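Text of target-v6.txt (compact mmCIF, C-alpha atoms) as supplied:
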```txt
# COMPACT_ATOMS: atom_id res chain seq x y z
CA MET I 866 25.53 159.42 121.17
CA ARG I 867 27.14 161.78 118.69
CA LEU I 868 26.27 161.68 115.02
CA ILE I 869 28.98 162.37 112.51
CA TYR I 870 27.86 163.80 109.21
CA CYS I 871 30.01 163.38 106.14
CA HIS I 872 29.57 165.55 103.12
CA VAL I 873 29.02 163.90 99.86
CA GLY I 874 32.37 165.06 98.60
CA VAL I 875 34.27 163.62 101.51
CA ALA I 876 35.97 160.34 100.89
CA PRO I 877 34.29 157.31 102.46
CA LEU I 878 37.60 156.28 103.94
CA TYR I 879 37.78 159.48 105.93
CA CYS I 880 34.30 158.87 107.32
CA LEU I 881 35.21 155.38 108.40
CA PHE I 882 38.31 156.74 110.09
CA LEU I 883 36.21 159.19 112.09
CA VAL I 884 33.89 156.35 113.12
CA PHE I 885 36.90 154.37 114.27
CA LEU I 886 38.18 157.26 116.40
CA LEU I 887 34.75 157.55 118.04
CA GLN I 888 34.72 153.83 118.86
CA LEU I 889 38.22 154.09 120.24
CA HIS I 890 37.20 156.93 122.51
CA CYS I 891 34.20 155.02 123.80
CA SER I 892 36.23 151.89 124.51
CA LEU I 893 38.84 153.86 126.44
CA SER I 894 36.21 155.61 128.49
CA GLN I 895 34.68 152.26 129.44
CA LYS I 896 38.12 150.94 130.64
CA SER I 897 38.02 147.80 128.54
CA GLU I 898 40.59 145.08 129.35
CA GLY I 899 41.73 144.81 125.73
CA ALA I 900 43.99 147.52 124.34
CA LEU I 901 43.37 148.64 120.75
CA THR I 902 46.22 149.83 118.59
CA VAL I 903 46.31 151.04 115.03
CA LEU I 904 48.75 149.03 112.88
CA GLU I 905 49.68 149.18 109.28
CA ASN I 906 48.22 146.30 107.30
CA THR I 907 51.14 145.11 105.25
CA GLU I 908 48.97 142.61 103.41
CA GLY I 909 46.53 145.00 101.77
CA GLY I 910 48.28 148.33 102.21
CA GLU I 911 45.31 149.74 104.24
CA MET I 912 45.06 150.72 107.87
CA GLY I 913 43.66 148.10 110.26
CA VAL I 914 42.81 147.86 113.91
CA GLU I 915 44.41 144.99 115.88
CA GLU I 916 43.60 143.89 119.38
CA GLU I 917 46.76 142.42 120.94
CA GLU I 918 45.16 140.75 123.94
CA LEU I 919 41.57 139.60 124.13
CA THR I 920 40.37 137.62 127.13
CA VAL I 921 37.09 135.89 127.79
CA ASP I 922 35.27 136.62 131.02
CA ASP I 923 33.37 133.57 132.13
CA ASP I 924 30.96 135.74 134.12
CA ASP I 925 29.60 137.47 131.00
CA GLY I 926 27.68 134.37 130.00
CA ASP I 927 28.13 131.54 127.55
CA PHE I 928 30.06 132.34 124.42
CA GLU I 929 30.83 130.38 121.31
CA VAL I 930 34.60 130.08 121.40
CA LEU I 931 36.26 130.36 117.98
CA GLN I 932 39.56 128.45 117.73
CA PRO I 933 41.89 130.60 115.60
CA ASN I 934 44.68 129.37 113.34
CA GLU I 935 47.43 131.03 111.34
CA GLN I 936 44.94 132.55 108.85
CA TRP I 937 42.70 135.56 109.51
CA GLN I 938 39.09 134.46 110.24
CA THR I 939 35.94 136.58 110.54
CA LEU I 940 34.86 137.02 114.18
CA LYS I 941 31.08 137.07 114.38
CA PRO I 942 29.10 138.89 117.10
CA GLY I 943 28.75 136.79 120.24
CA GLN I 944 31.91 134.76 119.56
CA ALA I 945 34.86 134.73 121.92
CA VAL I 946 38.51 133.84 121.29
CA PRO I 947 41.25 132.46 123.57
CA ALA I 948 43.61 134.80 125.34
CA GLY I 949 46.66 135.85 123.36
CA SER I 950 44.85 135.86 119.99
CA GLN I 951 45.24 138.74 117.53
CA VAL I 952 42.06 140.64 116.57
CA ARG I 953 41.82 143.35 113.95
CA LEU I 954 39.12 145.49 112.34
CA ASN I 955 39.14 145.16 108.58
CA LEU I 956 38.43 148.71 107.35
CA GLN I 957 37.53 147.44 103.90
CA THR I 958 34.79 145.06 105.07
CA GLY I 959 34.05 146.58 108.47
CA GLU I 960 34.32 143.14 110.13
CA ARG I 961 36.50 142.00 112.96
CA GLU I 962 39.01 139.24 112.15
CA VAL I 963 41.05 136.97 114.42
CA ARG I 964 44.11 134.67 114.15
CA LEU I 965 46.73 133.16 116.47
CA GLY I 966 49.01 135.47 118.41
CA GLU I 967 52.67 135.99 117.56
CA GLU I 968 53.93 133.57 120.24
CA GLN I 969 51.43 130.92 119.18
CA LEU I 970 52.40 131.24 115.52
CA LYS I 971 56.00 130.33 116.37
CA TYR I 972 54.95 126.84 117.40
CA TRP I 973 52.12 126.37 114.92
CA THR I 974 53.93 124.16 112.40
CA GLN I 975 52.63 121.75 109.85
CA GLU I 976 53.60 118.85 112.14
CA HIS I 977 51.38 120.18 114.95
CA ARG I 978 48.47 120.66 112.58
CA GLU I 979 48.75 117.12 111.24
CA LYS I 980 49.01 115.72 114.77
CA GLU I 981 45.92 117.60 115.91
CA LYS I 982 44.08 116.50 112.79
CA SER I 983 44.95 112.85 113.39
CA VAL I 984 43.94 113.07 117.05
CA SER I 985 40.69 114.80 116.31
CA SER I 986 39.85 112.31 113.56
CA ILE I 987 39.68 109.30 115.91
CA ASP I 988 36.39 107.54 115.50
CA PRO I 989 34.72 106.79 118.87
CA ASP I 990 33.22 103.59 117.45
CA GLU I 991 36.62 102.44 116.29
CA LEU I 992 38.05 103.13 119.75
CA LYS I 993 35.30 100.99 121.32
CA ARG I 994 36.04 98.13 118.96
CA ALA I 995 39.76 98.30 119.83
CA LEU I 996 39.05 98.15 123.54
CA LYS I 997 36.74 95.20 123.01
CA LYS I 998 39.43 93.37 121.07
CA ILE I 999 41.96 93.93 123.89
CA LYS I 1000 39.58 92.31 126.33
CA GLU I 1001 39.08 89.34 124.01
CA ASP I 1002 42.85 88.87 123.66
CA LEU I 1003 43.27 88.87 127.43
CA ASN I 1004 40.60 86.24 127.78
CA SER I 1005 42.24 84.06 125.10
CA GLN I 1006 45.60 83.90 126.92
CA ASP I 1007 44.38 81.05 129.08
CA SER I 1008 43.55 78.95 126.01
CA VAL I 1009 46.97 79.65 124.43
CA ALA I 1010 48.86 78.67 127.59
CA SER I 1011 46.95 75.41 127.76
CA ARG I 1012 48.54 74.31 124.47
CA PHE I 1013 52.10 74.29 125.96
CA ARG I 1014 53.60 72.01 128.56
CA PRO I 1015 55.09 73.39 131.78
CA LEU I 1016 58.88 73.74 131.96
CA GLU I 1017 59.20 71.43 134.94
CA GLU I 1018 57.38 68.69 133.07
CA LEU I 1019 59.73 69.07 130.10
CA LYS I 1020 62.76 68.81 132.37
CA LYS I 1021 61.42 65.64 133.90
CA ASP I 1022 60.85 64.02 130.50
CA MET I 1023 64.39 64.91 129.34
CA ALA I 1024 65.86 63.41 132.49
CA GLU I 1025 63.95 60.19 131.85
CA LEU I 1026 65.45 60.00 128.34
CA ASP I 1027 68.91 59.92 129.97
CA LEU I 1028 70.45 62.21 127.35
CA LEU I 1029 74.26 62.31 127.59
CA VAL I 1030 76.18 65.41 126.44
CA GLU I 1031 79.79 64.39 125.85
CA THR I 1032 82.80 66.66 126.15
CA ASP I 1033 85.68 66.53 123.67
CA VAL I 1034 87.73 64.52 126.15
CA GLN I 1035 84.97 61.95 126.55
CA ILE I 1036 84.51 61.74 122.80
CA MET I 1037 88.22 61.14 122.18
CA ARG I 1038 88.33 58.47 124.90
CA ARG I 1039 85.37 56.69 123.33
CA LEU I 1040 86.90 56.93 119.83
CA LEU I 1041 90.24 55.54 120.99
CA ASP I 1042 88.55 52.63 122.72
CA GLN I 1043 86.61 51.85 119.56
CA PHE I 1044 89.72 52.19 117.38
CA ASN I 1045 91.65 49.78 119.63
CA SER I 1046 88.85 47.22 119.74
CA SER I 1047 89.35 44.02 117.75
CA ASN I 1048 85.70 44.12 116.67
CA THR I 1049 86.12 47.43 114.85
CA THR I 1050 86.19 47.22 111.06
CA THR I 1051 88.52 49.16 108.76
CA GLU I 1052 85.70 51.44 107.63
CA GLN I 1053 84.92 52.28 111.24
CA ARG I 1054 88.57 53.05 111.94
CA LEU I 1055 88.66 55.39 108.96
CA SER I 1056 85.60 57.20 110.32
CA ILE I 1057 87.24 57.44 113.76
CA LEU I 1058 90.42 58.95 112.27
CA GLN I 1059 88.36 61.58 110.44
CA GLU I 1060 86.64 62.59 113.69
CA LEU I 1061 89.96 62.73 115.52
CA GLU I 1062 91.49 64.93 112.80
CA TYR I 1063 88.69 67.42 113.35
CA LEU I 1064 89.17 67.43 117.12
CA VAL I 1065 92.99 67.75 117.27
CA HIS I 1066 92.96 71.11 115.52
CA GLN I 1067 92.45 72.51 119.01
CA VAL I 1068 95.75 72.63 120.89
CA ASP I 1069 94.34 71.28 124.14
CA ASN I 1070 92.61 68.37 122.42
CA ALA I 1071 95.81 67.36 120.64
CA GLN I 1072 97.75 67.35 123.91
CA THR I 1073 94.99 65.41 125.65
CA LEU I 1074 95.02 62.84 122.84
CA CYS I 1075 98.73 62.26 123.40
CA SER I 1076 98.24 61.86 127.15
CA MET I 1077 95.60 59.22 126.41
CA GLY I 1078 98.02 57.19 124.33
CA GLY I 1079 96.45 58.18 121.04
CA LEU I 1080 99.81 59.01 119.44
CA SER I 1081 100.93 55.37 119.50
CA LEU I 1082 97.68 54.29 117.82
CA ILE I 1083 98.21 56.87 115.08
CA LEU I 1084 101.75 55.63 114.45
CA GLU I 1085 100.40 52.09 114.26
CA GLY I 1086 98.03 53.31 111.58
CA LEU I 1087 101.02 54.73 109.65
CA ASN I 1088 102.61 51.26 109.71
CA SER I 1089 99.39 49.59 108.57
CA SER I 1090 99.23 47.65 105.33
CA ASP I 1091 96.02 49.48 104.40
CA VAL I 1092 96.96 52.61 102.43
CA ARG I 1093 93.74 54.34 103.51
CA LEU I 1094 94.68 53.96 107.16
CA GLN I 1095 98.17 55.25 106.39
CA GLU I 1096 96.81 58.31 104.62
CA ASN I 1097 94.31 59.24 107.34
CA SER I 1098 96.76 58.51 110.17
CA ALA I 1099 99.33 60.84 108.60
CA PHE I 1100 96.61 63.51 108.26
CA VAL I 1101 95.72 63.24 111.97
CA LEU I 1102 99.38 63.37 112.97
CA GLY I 1103 100.04 66.50 110.88
CA SER I 1104 97.00 68.31 112.29
CA ALA I 1105 98.00 67.37 115.86
CA VAL I 1106 101.62 68.59 115.69
CA ALA I 1107 100.90 71.78 113.68
CA SER I 1108 101.93 74.80 115.80
CA ASN I 1109 101.82 72.63 118.93
CA PRO I 1110 105.32 72.35 120.51
CA VAL I 1111 104.18 69.97 123.25
CA VAL I 1112 102.86 67.43 120.76
CA GLN I 1113 105.87 67.97 118.48
CA VAL I 1114 108.24 66.92 121.28
CA GLN I 1115 106.18 63.86 122.15
CA ALA I 1116 105.92 62.87 118.50
CA VAL I 1117 109.70 63.00 117.96
CA GLU I 1118 110.35 61.14 121.17
CA GLY I 1119 107.74 58.57 120.15
CA GLY I 1120 109.49 57.83 116.86
CA ALA I 1121 107.13 59.69 114.52
CA LEU I 1122 110.00 61.22 112.52
CA GLN I 1123 111.57 57.86 111.68
CA THR I 1124 108.16 56.42 110.76
CA LEU I 1125 107.44 59.30 108.38
CA LEU I 1126 110.83 59.05 106.67
CA THR I 1127 110.47 55.28 106.31
CA THR I 1128 107.05 55.71 104.71
CA LEU I 1129 108.47 58.22 102.23
CA ALA I 1130 111.40 55.95 101.36
CA THR I 1131 109.18 53.02 100.49
CA THR I 1132 106.90 52.61 97.51
CA GLN I 1133 103.60 54.23 98.37
CA PRO I 1134 100.64 55.72 96.46
CA LEU I 1135 100.75 59.44 95.71
CA ASN I 1136 97.93 60.32 98.14
CA VAL I 1137 99.81 58.66 101.01
CA LYS I 1138 103.04 60.49 100.22
CA LYS I 1139 101.23 63.83 100.04
CA LYS I 1140 99.74 63.37 103.52
CA VAL I 1141 103.07 62.09 104.91
CA LEU I 1142 104.85 65.16 103.51
CA PHE I 1143 102.21 67.32 105.17
CA ALA I 1144 102.83 65.64 108.52
CA LEU I 1145 106.62 65.94 108.08
CA ALA I 1146 106.41 69.66 107.26
CA CYS I 1147 104.22 70.31 110.33
CA LEU I 1148 106.62 68.36 112.54
CA LEU I 1149 109.73 70.24 111.33
CA ARG I 1150 108.25 73.76 111.30
CA HIS I 1151 109.76 75.96 114.04
CA PHE I 1152 111.29 72.90 115.72
CA PRO I 1153 115.12 72.87 115.35
CA TYR I 1154 115.43 69.72 117.45
CA ALA I 1155 113.34 67.80 114.91
CA GLN I 1156 115.22 69.43 112.01
CA HIS I 1157 118.53 68.28 113.46
CA HIS I 1158 117.27 64.71 113.74
CA PHE I 1159 115.80 64.97 110.25
CA LEU I 1160 119.22 65.74 108.81
CA SER I 1161 120.99 63.11 110.92
CA HIS I 1162 118.55 60.44 109.71
CA GLY I 1163 119.20 61.21 106.03
CA GLY I 1164 116.06 63.21 105.48
CA LEU I 1165 117.52 65.36 102.68
CA GLN I 1166 118.69 62.27 100.82
CA ILE I 1167 115.21 60.70 101.02
CA LEU I 1168 113.61 63.92 99.80
CA SER I 1169 116.07 64.24 96.90
CA GLU I 1170 115.23 60.74 95.71
CA LEU I 1171 111.53 61.52 96.02
CA PHE I 1172 112.08 64.77 94.09
CA ARG I 1173 113.76 62.97 91.20
CA ALA I 1174 111.08 60.30 91.04
CA ASP I 1175 108.22 62.81 90.96
CA VAL I 1176 107.63 63.50 87.27
CA GLY I 1177 104.35 65.37 87.64
CA GLY I 1178 105.75 67.96 90.03
CA VAL I 1179 103.01 67.60 92.67
CA LEU I 1180 105.46 66.42 95.32
CA ARG I 1181 108.34 68.60 94.11
CA THR I 1182 106.71 71.87 95.09
CA ARG I 1183 105.87 70.48 98.55
CA ILE I 1184 109.45 69.32 99.04
CA VAL I 1185 110.90 72.67 97.95
CA THR I 1186 108.47 74.46 100.27
CA VAL I 1187 109.72 72.36 103.22
CA LEU I 1188 113.33 73.27 102.42
CA TYR I 1189 112.53 76.95 101.96
CA ASP I 1190 110.73 77.10 105.32
CA MET I 1191 113.68 75.53 107.11
CA ILE I 1192 116.16 77.97 105.54
CA SER I 1193 113.95 81.01 106.22
CA GLU I 1194 113.41 80.06 109.87
CA LYS I 1195 117.12 79.86 110.58
CA GLU I 1196 117.77 83.21 108.90
CA LEU I 1197 114.95 84.92 110.79
CA ILE I 1198 115.94 83.60 114.19
CA SER I 1199 119.54 84.65 113.57
CA GLN I 1200 118.59 88.30 113.05
CA VAL I 1201 119.83 90.57 115.83
CA GLY I 1202 117.19 91.56 118.34
CA LEU I 1203 114.51 89.14 117.17
CA ASP I 1204 112.35 87.91 120.06
CA LEU I 1205 114.79 89.28 122.65
CA VAL I 1206 111.98 90.67 124.76
CA GLN I 1207 109.07 88.42 123.87
CA ASP I 1208 110.93 85.07 124.02
CA PRO I 1209 113.17 84.46 127.06
CA SER I 1210 114.53 81.27 125.47
CA HIS I 1211 115.97 83.11 122.48
CA GLU I 1212 119.55 82.09 123.24
CA GLU I 1213 118.56 78.44 123.55
CA ARG I 1214 116.77 78.57 120.22
CA LEU I 1215 119.82 80.14 118.61
CA ARG I 1216 121.95 77.33 119.95
CA GLN I 1217 119.58 74.68 118.61
CA TYR I 1218 119.37 76.28 115.17
CA SER I 1219 123.18 76.52 115.05
CA GLU I 1220 123.29 72.72 115.20
CA VAL I 1221 121.16 72.49 112.04
CA SER I 1222 123.77 72.49 109.23
CA LEU I 1223 121.15 72.74 106.50
CA GLN I 1224 123.03 74.82 103.92
CA ASP I 1225 126.00 72.47 103.67
CA GLU I 1226 123.70 69.46 103.46
CA LEU I 1227 121.78 71.05 100.62
CA MET I 1228 124.94 71.53 98.60
CA GLU I 1229 126.24 68.02 99.32
CA LYS I 1230 122.95 66.34 98.36
CA GLY I 1231 122.79 68.18 95.01
CA TRP I 1232 119.89 70.50 95.75
CA CYS I 1233 121.60 73.42 93.97
CA GLY I 1234 120.93 71.58 90.72
CA LEU I 1235 117.60 70.02 91.64
CA VAL I 1236 115.58 73.10 92.60
CA PRO I 1237 116.11 74.92 89.24
CA GLN I 1238 114.34 72.02 87.54
CA LEU I 1239 111.07 73.20 89.08
CA LEU I 1240 111.26 76.35 86.92
CA GLN I 1241 110.38 74.19 83.91
CA SER I 1242 106.87 73.73 85.30
CA THR I 1243 103.96 75.54 83.69
CA GLU I 1244 102.39 76.31 87.07
CA HIS I 1245 103.04 79.82 88.37
CA ASP I 1246 102.88 78.62 91.97
CA TYR I 1247 105.59 76.01 91.36
CA ARG I 1248 107.82 78.63 89.74
CA GLU I 1249 107.30 81.04 92.63
CA LYS I 1250 108.28 78.38 95.19
CA ALA I 1251 111.39 77.54 93.14
CA LEU I 1252 112.46 81.19 92.81
CA ARG I 1253 112.12 81.82 96.54
CA ALA I 1254 114.06 78.65 97.38
CA LEU I 1255 116.81 79.56 94.89
CA LEU I 1256 117.18 82.99 96.49
CA ALA I 1257 117.36 81.42 99.95
CA MET I 1258 120.04 78.95 98.77
CA THR I 1259 122.17 81.64 97.07
CA PRO I 1260 124.85 81.79 99.83
CA VAL I 1261 125.92 78.18 99.18
CA CYS I 1262 124.83 77.69 95.56
CA LEU I 1263 125.93 80.95 93.92
CA ASP I 1264 128.92 79.49 92.07
CA GLN I 1265 126.85 76.63 90.72
CA TYR I 1266 124.12 79.06 89.62
CA ARG I 1267 126.61 81.06 87.58
CA SER I 1268 127.81 77.99 85.77
CA ASP I 1269 124.35 76.59 85.13
CA SER I 1270 123.45 77.76 81.62
CA SER I 1271 120.04 76.11 81.82
CA LEU I 1272 119.16 78.14 84.91
CA LEU I 1273 120.31 81.41 83.36
CA GLY I 1274 118.34 80.71 80.19
CA SER I 1275 115.23 79.86 82.20
CA LEU I 1276 115.46 83.14 84.13
CA ARG I 1277 115.69 85.20 80.93
CA SER I 1278 112.80 83.33 79.34
CA LEU I 1279 110.61 83.65 82.39
CA ARG I 1280 111.27 87.36 82.68
CA LEU I 1281 110.16 87.97 79.10
CA GLN I 1282 107.09 85.82 79.63
CA TYR I 1283 105.98 87.62 82.78
CA SER I 1284 106.70 91.03 81.26
CA GLU I 1285 104.35 90.19 78.41
CA LEU I 1286 101.74 88.96 80.88
CA ILE I 1287 101.95 92.26 82.77
CA LYS I 1288 101.38 94.23 79.56
CA SER I 1289 98.42 92.11 78.51
CA GLU I 1290 96.85 92.32 81.96
CA MET I 1291 97.26 96.10 82.00
CA ILE I 1292 95.50 96.36 78.64
CA LEU I 1293 92.59 94.31 80.00
CA GLY I 1294 92.54 96.33 83.22
CA GLU I 1295 93.30 93.28 85.36
CA GLU I 1296 95.42 93.05 88.53
CA THR I 1297 99.14 92.65 87.76
CA SER I 1298 100.67 92.58 91.25
CA TYR I 1299 101.38 88.82 91.20
CA PHE I 1300 103.22 88.90 87.87
CA THR I 1301 105.05 92.04 88.96
CA GLU I 1302 106.22 90.20 92.06
CA MET I 1303 107.43 87.31 89.91
CA VAL I 1304 109.49 89.71 87.77
CA GLU I 1305 110.97 91.23 90.91
CA LEU I 1306 112.02 87.79 92.17
CA ILE I 1307 113.68 87.01 88.82
CA ASP I 1308 115.47 90.37 88.74
CA THR I 1309 116.76 89.89 92.29
CA LEU I 1310 118.13 86.45 91.45
CA GLN I 1311 119.72 87.69 88.21
CA VAL I 1312 121.45 90.51 90.05
CA LYS I 1313 122.94 88.07 92.55
CA VAL I 1314 124.05 85.66 89.85
CA LYS I 1315 125.89 88.34 87.80
```
Just give me the structure as structure tokens.
Amino acid sequence: MRLIYCHVGVAPLYCLFLVFLLQLHCSLSQKSEGALTVLENTEGGEMGVEEEELTVDDDDGDFEVLQPNEQWQTLKPGQAVPAGSQVRLNLQTGEREVRLGEEQLKYWTQEHREKEKSVSSIDPDELKRALKKIKEDLNSQDSVASRFRPLEELKKDMAELDLLVETDVQIMRRLLDQFNSSNTTTEQRLSILQELEYLVHQVDNAQTLCSMGGLSLILEGLNSSDVRLQENSAFVLGSAVASNPVVQVQAVEGGALQTLLTTLATTQPLNVKKKVLFALACLLRHFPYAQHHFLSHGGLQILSELFRADVGGVLRTRIVTVLYDMISEKELISQVGLDLVQDPSHEERLRQYSEVSLQDELMEKGWCGLVPQLLQSTEHDYREKALRALLAMTPVCLDQYRSDSSLLGSLRSLRLQYSELIKSEMILGEETSYFTEMVELIDTLQVKVK
């Protein structure tokens, strides 16, 4: 062993460096498995010694293994570290220090540390209690199952109850039988009609009802002396024929159109007339055959008389809506190319609509002077319906519009009123699209009348 003497004037750091070189020489001569390199310590600015690879030989005896982390820890004599750890000699303290290697530091995140902490913090006693509880729960399953009845037993009990699940067809058959029974009261018939009205909204149910003979019973209800039966029967009829061509044909052939017109021509309560108008509108919509028969049976004359008698305007707007729909349908179907591909019967529909001389009938029955009266209403919806109908009737009523001073005055007054409403709504930040649309309708009609 060589002794190195340092003079008093020599810096201690130089002496330590010489000691380090001596240790390095000895370690190389002994052919140690770990390679020592001198690195610059960027943390403290001093020179340090770092061992890149340090392995533990199990044959050397039992060692206390120190688990490193991302921080430098002091490595005591007799302690070993896992392979791949970084070891350095701190020249300031003279102690060896260890931390994780470079590759290990890449994966040593906060998430891994928290996971290892949570795993290592499991209490063995708590784990035993959890396992014991699992066993208790498994043993209690038998007692829980004993509280419920087997499925086969439940099925047997339900079969003994003889529960009957009816289809819509079976329900309608039962309702019709009850309605036709002489023992059924008026209140029961009203309840039956309400159930049927709900069912016939489905197209198939409405057609099935007709095949069962239900249409004739409904028409009998329209001819009843009880106004409640008339009202509910008309409601069922309207719901059944709505957008259902098969039922529409059967209804016209069964005399429903004549029954509806007769009911409107006679003195009836307002509620009955409202439901009858609903049924009539559903029957005429998109059905030129029914519209032709409507005109031939004096339907426009009946509606004009009803329009004049309706002071409140409740029926007037419904009547005008029916007329507007009939005019619009004929115009739409007459457009070139409409439904040429989708509807193979386009030519037949054109022929049927050509037989509906609605425009001439409107002029003859005085509708050019009746519809403008609806503009006097205070309801915006009534006015809108009137304006749309007036525009649709312009081809046959234009001359009469130009000579009708009351109509021209109403258009000017309404335009000023809706212009003011638009301004006030804009100030309040409200939606003005409806009033703007009303002004556009008035302007369009005024342009045509000039």
Sel. within 10 Å of pt (30.6, 139.3, 112.2), counting only C-alpha atoms, output as a PyMOL selection string = chain I and resi 938-944+959-962
When you draw a straight line from atom CA of I:Glu1194 to atom CA of I:Leu1255, how long is it in Å?
-> 15.4 Å
Length of the atom CA of I:Tyr1154 to atom CA of I:Leu1064 vector [Å] |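 One can read the atom CA of I:Tyr1154 to atom CA of I:Leu1064 distance as 26.4 Å.
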Within 9 Å of (101.0, 56.7, 112.7), in the coordinates the file gives, what residues turn up when you count only C-alpha atoms, written out as a PDB file with C-alpha atoms, in the coordinates of the input?
```
ATOM      1  CA  LEU I1080      99.810  59.010 119.440  1.00  0.00           C
ATOM      2  CA  SER I1081     100.930  55.370 119.500  1.00  0.00           C
ATOM      3  CA  LEU I1082      97.680  54.290 117.820  1.00  0.00           C
ATOM      4  CA  ILE I1083      98.210  56.870 115.080  1.00  0.00           C
ATOM      5  CA  LEU I1084     101.750  55.630 114.450  1.00  0.00           C
ATOM      6  CA  GLU I1085     100.400  52.090 114.260  1.00  0.00           C
ATOM      7  CA  GLY I1086      98.030  53.310 111.580  1.00  0.00           C
ATOM      8  CA  LEU I1087     101.020  54.730 109.650  1.00  0.00           C
ATOM      9  CA  ASN I1088     102.610  51.260 109.710  1.00  0.00           C
ATOM     10  CA  SER I1089      99.390  49.590 108.570  1.00  0.00           C
ATOM     11  CA  LEU I1094      94.680  53.960 107.160  1.00  0.00           C
ATOM     12  CA  GLN I1095      98.170  55.250 106.390  1.00  0.00           C
ATOM     13  CA  ASN I1097      94.310  59.240 107.340  1.00  0.00           C
ATOM     14  CA  SER I1098      96.760  58.510 110.170  1.00  0.00           C
ATOM     15  CA  ALA I1099      99.330  60.840 108.600  1.00  0.00           C
ATOM     16  CA  VAL I1101      95.720  63.240 111.970  1.00  0.00           C
ATOM     17  CA  LEU I1102      99.380  63.370 112.970  1.00  0.00           C
ATOM     18  CA  ALA I1121     107.130  59.690 114.520  1.00  0.00           C
ATOM     19  CA  THR I1124     108.160  56.420 110.760  1.00  0.00           C
ATOM     20  CA  LEU I1125     107.440  59.300 108.380  1.00  0.00           C
TER      21      LEU I1125
END
```
Would you mind listing what lies within 9 Å of I:Gln1311 as a list in words, with all atoms listed in the file counted and same-chain residues fewer than 6 positions away left out?
-> Leu1273, Leu1276 and Arg1277 of chain I
Which distance in Å separates atom CA of I:Leu1142 and atom CA of I:Gly1103, to one decimal?
->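 Atom-to-atom, atom CA of I:Leu1142 and atom CA of I:Gly1103 are spaced 8.9 Å apart.
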Residues at most 8 Å from I:Val1092, counting all atoms listed in the file, excluding those fewer than 4 positions away in the same chain, as a count of residues only?
-> 4
Considering only C-alpha atoms, state which residue in the set I:Ser1108, I:Gln1282, I:Gln1241, I:Ser1090 is at the smallest distance from I:His1066.
-> I:Ser1108
Residues at most 8 Å from I:Glu1226, counting all atoms listed in the file, excluding those fewer than 3 positions away in the same chain, as number ranges by chain?
-> I: 1160, 1165, 1222-1223, 1229-1230
I:Leu1240 surroundings by only C-alpha atoms, 8 Å radius, close-in-sequence under 6 positions cut, as a ChimeraX atom specification | /I:1247-1248,1251-1252,1275
Which residues come within 7 Å of I:Val946, counting all atoms listed in the file, excluding same-chain residues fewer than 3 positions away, as a compact mmCIF listing (two decimals) with C-alpha atoms, in the frame of the given file?
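Final output, saved to selection_22.txt:
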```txt
# COMPACT_ATOMS: atom_id res chain seq x y z
CA VAL I 921 37.09 135.89 127.79
CA VAL I 930 34.60 130.08 121.40
CA LEU I 931 36.26 130.36 117.98
CA GLN I 932 39.56 128.45 117.73
CA SER I 950 44.85 135.86 119.99
```
So, counting only C-alpha atoms, which residue among I:Glu1296, I:Asp1225, I:Asp1002, I:Glu1302 is closest to I:Val1261?
-> I:Asp1225
